[in-house]
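One structure is given below, encoded as structure tokens.
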Amino acid sequence: MCGIVGYTGPREAYPIIVKGLKRLEYRGYDSAGVALQNGGLHVYKKKGKVADLEDSIAGKNVHAHVGIGHTRWATHGEPNDRNAHPHQSASGRLAMIHNGIIENYAQLKSELVKKGYEFKSDTDTEVLLNFIEEILVKNDCSLEEAIRIALKRVVGAYVILLLDAENPDTIIAARKGSPLVIGVGKGEHFLGSDASPMLEYTKEVVYVNDYELAIIKPDELILKNLGNEKLTPYVQKLDLELASIEKGGYEHFMLKEIFEQPQTINDCLRGRLDAVAGTITMSGIQQYAEQIMQTNRIIMVACGTSWHAGLVAEYIFEELCRINVEVEYASEFRYRNPVINPGDVIIAISQSGETADTLVAIETAKEKGAIILGVVNVVGSSIARTSHGGAYTHAGPEIGVASTKAFTAQLSVLTMIALKVGYMKGTIPQQRYLRLLNELNELPEKAAWVLQQHEKIKAIAEKYKDARDFLYLGRGYNFAVALEGALKLKEISYIHAEGYPAAEMKHGPIALVDENLPVVFIATKDPYHEKVVSNMQEIRARKGQVISVITEGDEHSASLSLDVMIIPEADEIVAPILSVIPLQLLAYYIGVSKGLDVDKPRNLAKSVTVE
Ligand code: M6R
């Protein structure tokens, strides 16, 4: 949450920072601001999106070779100009941006208030900044030293970037628990919450670790730990192209990402799955194969859409591997003193690899001796680096705030892991194993087939867009798809939607059903299909508007539905990867038809790096 950008070098800093902030807006868009070094510190900030900031600055002198910028997802203090970053210290000497939460800010603030400090904003950031300045003045030390001392008192998560009017070519950065990437150019450096702001300038990057502090000048990068020991920056080559973070002709990132799924599923399978040879190669899993086979239980930890992927995977692992699986909301798991024994296997599922709750959950489990496997999309992210092993989902950058292609990639990876483990354990009959490999192989083509219905789904969206509530029902593997369909609709269209197990509907939600309620059934062919059809009848009998996702050729379910979205025949284990796609499109088109900003829905941020 919150995006941060920085630049120091010979180029004009402002255009680089603004372009970078636009790429990071998926992280938060409550307000934006920049601080520039130009014969003193110049700070500009504005409530709203980066475009509002640009408008407010138009015509001003923004010439500078050093600067920092921020796009905010509000935690402490409402979104307004005052609370926007950068903040300036009481003396005006320092400017700072921050991503994270300073949990003990109230304590620090009261200490500063007693010393006579006054605050212009309601933020924890301004408190930390003045705390640093207080140490700087009191100890008459370097800024770097003051930051080190201050951070030893801080409880919470942060990435901070500071400018100092007395050292105009330098940016000082520090991180704990929030991401920070430094791009290394020739005589210049770039900073970002991820690598997207620097893609056209350099492919050489350093991922800063927790408890590290960086002093960055145009031609020098000094990395230290909080004990003031120098570290050697590990420069890595970025494997990311500019085109992957642009809309490529689509109206929204979300639509582009939905349509990318045949390709991203393919990318995820490529080099791993060989249906002809009957093999799955995943080195990051292979290393821990023995432990996974021997474990009594696997715990999946995740949030949001990734948690839904975990729910589908629970059913898959239990069926194919005969291992007991628990799926936990990371935010609950970390706080309830869960029983974790050495040798337990934890699978952390995360698109961003930066979700704070998931990260802390696996750190806690790791300390207790568990083996952590990450199923993560963003290469080099904190969760990927904290995990012992795992597998990347290779879906490419997902920029739309609503997760789409990451979900189908997560399911593809988790299915491969379950197949690999189950085959090694001997819990999957050979024939079923080979059939499922083929089923996986056919997914890209089938996903493309599903997407061809986009015009029809757009018309369905138009028909139901004014409904006040939606109910999504599914059973077995499709139960989690119902949850995911409802989540997508809520996020993008602000329509209240609930996902429920189809049979459980009779135990309460059926009371909601009347002629105004659209009920979306995920009713693809599987062993419980007839039961789901009975549930459809029950909804129809109460005049609910039945919309369904069905398998090609299922005339009976079609006859019970007002509108249908179709997937091709597929084994029930892989069917969720297809049945979720029409629901993504339905949510997208409803959001668009309501005139909403589907890529940046209100109050949300792509990467939830605060608790
Ligand atoms: O990056 P992660 O997968 O860890 O993110 C988890 C959730 O924050 C995320 O899935 C969120 O629910 C999305 N907005 C869903 O579309």
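So you can find residues: chains in the structure tokens are A, B, ... in the order shown, residues in each start at 1, and ligands are numbered from 1 in order.
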
Next on the checklist: Using only C-alpha atoms, which protein or nucleic acid residues come within 8 Å of Thr404 of chain A? Drop anything in the same chain fewer than 5 positions from it, and give the result as a PyMOL selection string.
Outcome noted: chain A and resi 254+257-258+584

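Considering only C-alpha atoms and all ligand atoms, the residues that reside within 8 Å of ligand 1 can be listed as Ala302, Cys303, Gly304, Thr305, Ser306, Trp307, Ile349, Ser350, Gln351, Ser352, Gly353, Glu354, Thr355, Thr358, Val376, Val401, Ala402, Ser403, Thr404, Ala406, Leu487, Lys488, Glu491, Leu604, Ala605, Lys606, Ser607 and Val608 of chain A.
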
Take the residues from that selection and write them out as an mmCIF file, in the first residue's frame, keeping N, CA and C atoms.
```
data_model
loop_
_atom_site.group_PDB
_atom_site.id
_atom_site.type_symbol
_atom_site.label_atom_id
_atom_site.label_comp_id
_atom_site.auth_asym_id
_atom_site.auth_seq_id
_atom_site.Cartn_x
_atom_site.Cartn_y
_atom_site.Cartn_z
ATOM 1 N N ALA A 302 -3.262 -17.234 3.320
ATOM 2 C CA ALA A 302 -3.432 -16.265 2.233
ATOM 3 C C ALA A 302 -4.533 -15.281 2.620
ATOM 4 N N CYS A 303 -4.745 -14.296 1.767
ATOM 5 C CA CYS A 303 -5.835 -13.329 1.957
ATOM 6 C C CYS A 303 -6.585 -13.168 0.632
ATOM 7 N N GLY A 304 -7.832 -12.740 0.739
ATOM 8 C CA GLY A 304 -8.616 -12.351 -0.438
ATOM 9 C C GLY A 304 -8.702 -13.436 -1.489
ATOM 10 N N THR A 305 -8.472 -13.029 -2.720
ATOM 11 C CA THR A 305 -8.553 -13.967 -3.841
ATOM 12 C C THR A 305 -7.576 -15.126 -3.669
ATOM 13 N N SER A 306 -6.407 -14.843 -3.133
ATOM 14 C CA SER A 306 -5.413 -15.906 -2.939
ATOM 15 C C SER A 306 -5.928 -16.937 -1.926
ATOM 16 N N TRP A 307 -6.709 -16.468 -0.968
ATOM 17 C CA TRP A 307 -7.323 -17.388 0.002
ATOM 18 C C TRP A 307 -8.333 -18.290 -0.714
ATOM 19 N N ILE A 349 0.134 -18.302 -0.235
ATOM 20 C CA ILE A 349 -0.297 -17.966 -1.597
ATOM 21 C C ILE A 349 -0.450 -16.452 -1.665
ATOM 22 N N SER A 350 0.220 -15.837 -2.622
ATOM 23 C CA SER A 350 0.131 -14.379 -2.713
ATOM 24 C C SER A 350 0.530 -13.903 -4.090
ATOM 25 N N GLN A 351 -0.296 -13.066 -4.681
ATOM 26 C CA GLN A 351 0.072 -12.456 -5.960
ATOM 27 C C GLN A 351 1.252 -11.531 -5.765
ATOM 28 N N SER A 352 1.078 -10.556 -4.870
ATOM 29 C CA SER A 352 2.085 -9.504 -4.709
ATOM 30 C C SER A 352 3.338 -10.003 -4.006
ATOM 31 N N GLY A 353 3.162 -10.990 -3.144
ATOM 32 C CA GLY A 353 4.291 -11.435 -2.312
ATOM 33 C C GLY A 353 4.624 -10.427 -1.229
ATOM 34 N N GLU A 354 3.753 -9.434 -1.035
ATOM 35 C CA GLU A 354 4.034 -8.392 -0.047
ATOM 36 C C GLU A 354 2.926 -8.245 0.983
ATOM 37 N N THR A 355 1.861 -9.034 0.909
ATOM 38 C CA THR A 355 0.739 -8.879 1.831
ATOM 39 C C THR A 355 1.239 -9.058 3.276
ATOM 40 N N THR A 358 0.118 -12.122 5.439
ATOM 41 C CA THR A 358 0.652 -13.403 4.959
ATOM 42 C C THR A 358 2.136 -13.496 5.294
ATOM 43 N N VAL A 376 3.797 -17.630 -5.371
ATOM 44 C CA VAL A 376 3.869 -16.170 -5.431
ATOM 45 C C VAL A 376 4.029 -15.720 -6.874
ATOM 46 N N VAL A 401 -6.554 -3.711 -9.767
ATOM 47 C CA VAL A 401 -6.612 -4.009 -8.329
ATOM 48 C C VAL A 401 -7.343 -5.335 -8.071
ATOM 49 N N ALA A 402 -8.343 -5.623 -8.894
ATOM 50 C CA ALA A 402 -9.041 -6.902 -8.731
ATOM 51 C C ALA A 402 -8.203 -8.002 -9.368
ATOM 52 N N SER A 403 -7.916 -8.997 -8.582
ATOM 53 C CA SER A 403 -7.038 -10.069 -9.061
ATOM 54 C C SER A 403 -7.796 -11.001 -10.006
ATOM 55 N N THR A 404 -7.211 -11.297 -11.147
ATOM 56 C CA THR A 404 -7.872 -12.187 -12.124
ATOM 57 C C THR A 404 -6.897 -13.259 -12.598
ATOM 58 N N ALA A 406 -3.918 -13.743 -11.800
ATOM 59 C CA ALA A 406 -3.099 -14.341 -10.733
ATOM 60 C C ALA A 406 -3.823 -15.547 -10.138
ATOM 61 N N LEU A 487 -16.713 -11.810 -4.674
ATOM 62 C CA LEU A 487 -15.695 -10.823 -4.306
ATOM 63 C C LEU A 487 -15.405 -9.893 -5.489
ATOM 64 N N LYS A 488 -15.284 -10.482 -6.686
ATOM 65 C CA LYS A 488 -15.002 -9.648 -7.858
ATOM 66 C C LYS A 488 -16.103 -8.611 -8.045
ATOM 67 N N GLU A 491 -15.949 -5.805 -5.369
ATOM 68 C CA GLU A 491 -14.805 -4.905 -5.535
ATOM 69 C C GLU A 491 -15.014 -3.915 -6.672
ATOM 70 N N LEU A 604 -9.680 0.541 -2.088
ATOM 71 C CA LEU A 604 -8.820 -0.643 -2.188
ATOM 72 C C LEU A 604 -7.402 -0.275 -2.591
ATOM 73 N N ALA A 605 -6.499 -1.191 -2.366
ATOM 74 C CA ALA A 605 -5.135 -1.066 -2.889
ATOM 75 C C ALA A 605 -4.706 -2.446 -3.320
ATOM 76 N N LYS A 606 -3.837 -2.493 -4.285
ATOM 77 C CA LYS A 606 -3.449 -3.786 -4.851
ATOM 78 C C LYS A 606 -2.666 -4.625 -3.845
ATOM 79 N N SER A 607 -1.796 -3.944 -3.142
ATOM 80 C CA SER A 607 -0.868 -4.692 -2.312
ATOM 81 C C SER A 607 -1.067 -4.217 -0.873
ATOM 82 N N VAL A 608 -1.580 -5.103 -0.021
ATOM 83 C CA VAL A 608 -1.971 -4.666 1.317
ATOM 84 C C VAL A 608 -0.796 -4.897 2.271
#
```

Next on the checklist: Please identify the strand (DSSP E or B) residues within segment 286-489 of chain A (assignment by DSSP from backbone atoms) and present them as number ranges by chain.
Outcome noted: A: 297-302, 324-329, 345-350, 371-376, 389-392, 469-474

Give me the residues near segment 80-86 of chain A as a short mmCIF file (atom, residue, chain, number, x, y, z; two decimals) with N, CA, C and O atoms, in the first residue's frame, where near means some atom within 6 Å (using only C-alpha atoms) and where sequence neighbours in that chain fewer than 6 positions away do not count.
```cif
data_model
loop_
_atom_site.label_atom_id
_atom_site.label_comp_id
_atom_site.auth_asym_id
_atom_site.auth_seq_id
_atom_site.Cartn_x
_atom_site.Cartn_y
_atom_site.Cartn_z
N SER A 31 -4.17 10.20 -2.38
CA SER A 31 -3.52 11.49 -2.59
C SER A 31 -2.14 11.21 -3.17
O SER A 31 -1.68 10.07 -3.18
N GLY A 33 1.99 13.16 -4.01
CA GLY A 33 2.84 14.33 -3.77
C GLY A 33 4.27 14.08 -4.20
O GLY A 33 4.69 12.92 -4.38
N LYS A 46 -1.37 16.77 -3.19
CA LYS A 46 -2.78 17.00 -3.52
C LYS A 46 -3.60 15.76 -3.21
O LYS A 46 -3.17 14.64 -3.49
N LYS A 47 -4.78 15.99 -2.69
CA LYS A 47 -5.75 14.90 -2.52
C LYS A 47 -6.15 14.38 -3.91
O LYS A 47 -6.27 15.17 -4.86
N MET A 96 9.99 13.74 3.80
CA MET A 96 9.96 12.27 3.87
C MET A 96 8.66 11.71 3.31
O MET A 96 7.59 12.30 3.46
N ILE A 97 8.78 10.55 2.65
CA ILE A 97 7.60 9.76 2.26
C ILE A 97 7.71 8.41 2.94
O ILE A 97 8.81 7.95 3.27
N SER A 121 -0.23 17.49 10.27
CA SER A 121 -1.08 16.42 9.72
C SER A 121 -1.48 15.46 10.83
O SER A 121 -1.03 15.59 11.97
#
```

Checklist entry - Which polymer residues have any atom within 10 Å of an atom of Arg272 of chain A, counting only C-alpha atoms, with same-chain residues fewer than 2 positions away left out, as a PyMOL selection string? => result chain A and resi 267-270+274-275+279-283+413+416

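Taking atom CA of Asp357 of chain A and atom CA of Gly485 of chain A as endpoints, the distance between them is 23.0 Å.
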
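The coordinates place atom CA of Asp344 of chain A at 6.2 Å from atom CA of Ile371 of chain A.
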
Checklist outcome for this item: Using only C-alpha atoms, the residue out of A:Gly389, A:Gly474, A:Gly369, A:Gly374 with shortest distance to Val312 of chain A is A:Gly474

Checklist entry - Can you list, as a ChimeraX atom specification, every protein, DNA or RNA residue that comes within 12 Å of Val113 of chain A when you count only C-alpha atoms, leaving out same-chain residues fewer than 6 positions away? => result /A:90,105-107,119,127,130-131,134

Item to check | Contact residues around Leu512 of chain A with only C-alpha atoms at 10 Å, ignoring same-chain residues under 3 positions, as a PyMOL selection string | outcome: chain A and resi 469-471+505+508-509+515-517+542+544

Selection above as a file: C-alpha atoms, as a short mmCIF file (atom, residue, chain, number, x, y, z; two decimals), in the first residue's frame:
```cif
data_model
loop_
_atom_site.label_atom_id
_atom_site.label_comp_id
_atom_site.auth_asym_id
_atom_site.auth_seq_id
_atom_site.Cartn_x
_atom_site.Cartn_y
_atom_site.Cartn_z
CA ASP A 469 -27.61 -7.68 -4.27
CA PHE A 470 -26.29 -10.85 -5.90
CA LEU A 471 -26.00 -14.36 -4.55
CA MET A 505 -28.22 -21.78 0.99
CA GLY A 508 -30.41 -19.03 5.72
CA PRO A 509 -29.67 -17.08 2.53
CA GLU A 515 -37.90 -11.77 -7.99
CA ASN A 516 -35.27 -9.01 -7.67
CA LEU A 517 -32.35 -11.21 -6.67
CA ARG A 542 -39.03 -18.59 -5.23
CA GLY A 544 -35.06 -15.73 -8.05
#
```

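Straight-line separation from atom CA of Leu240 of chain A to atom CA of Lys203 of chain A: 8.2 Å.
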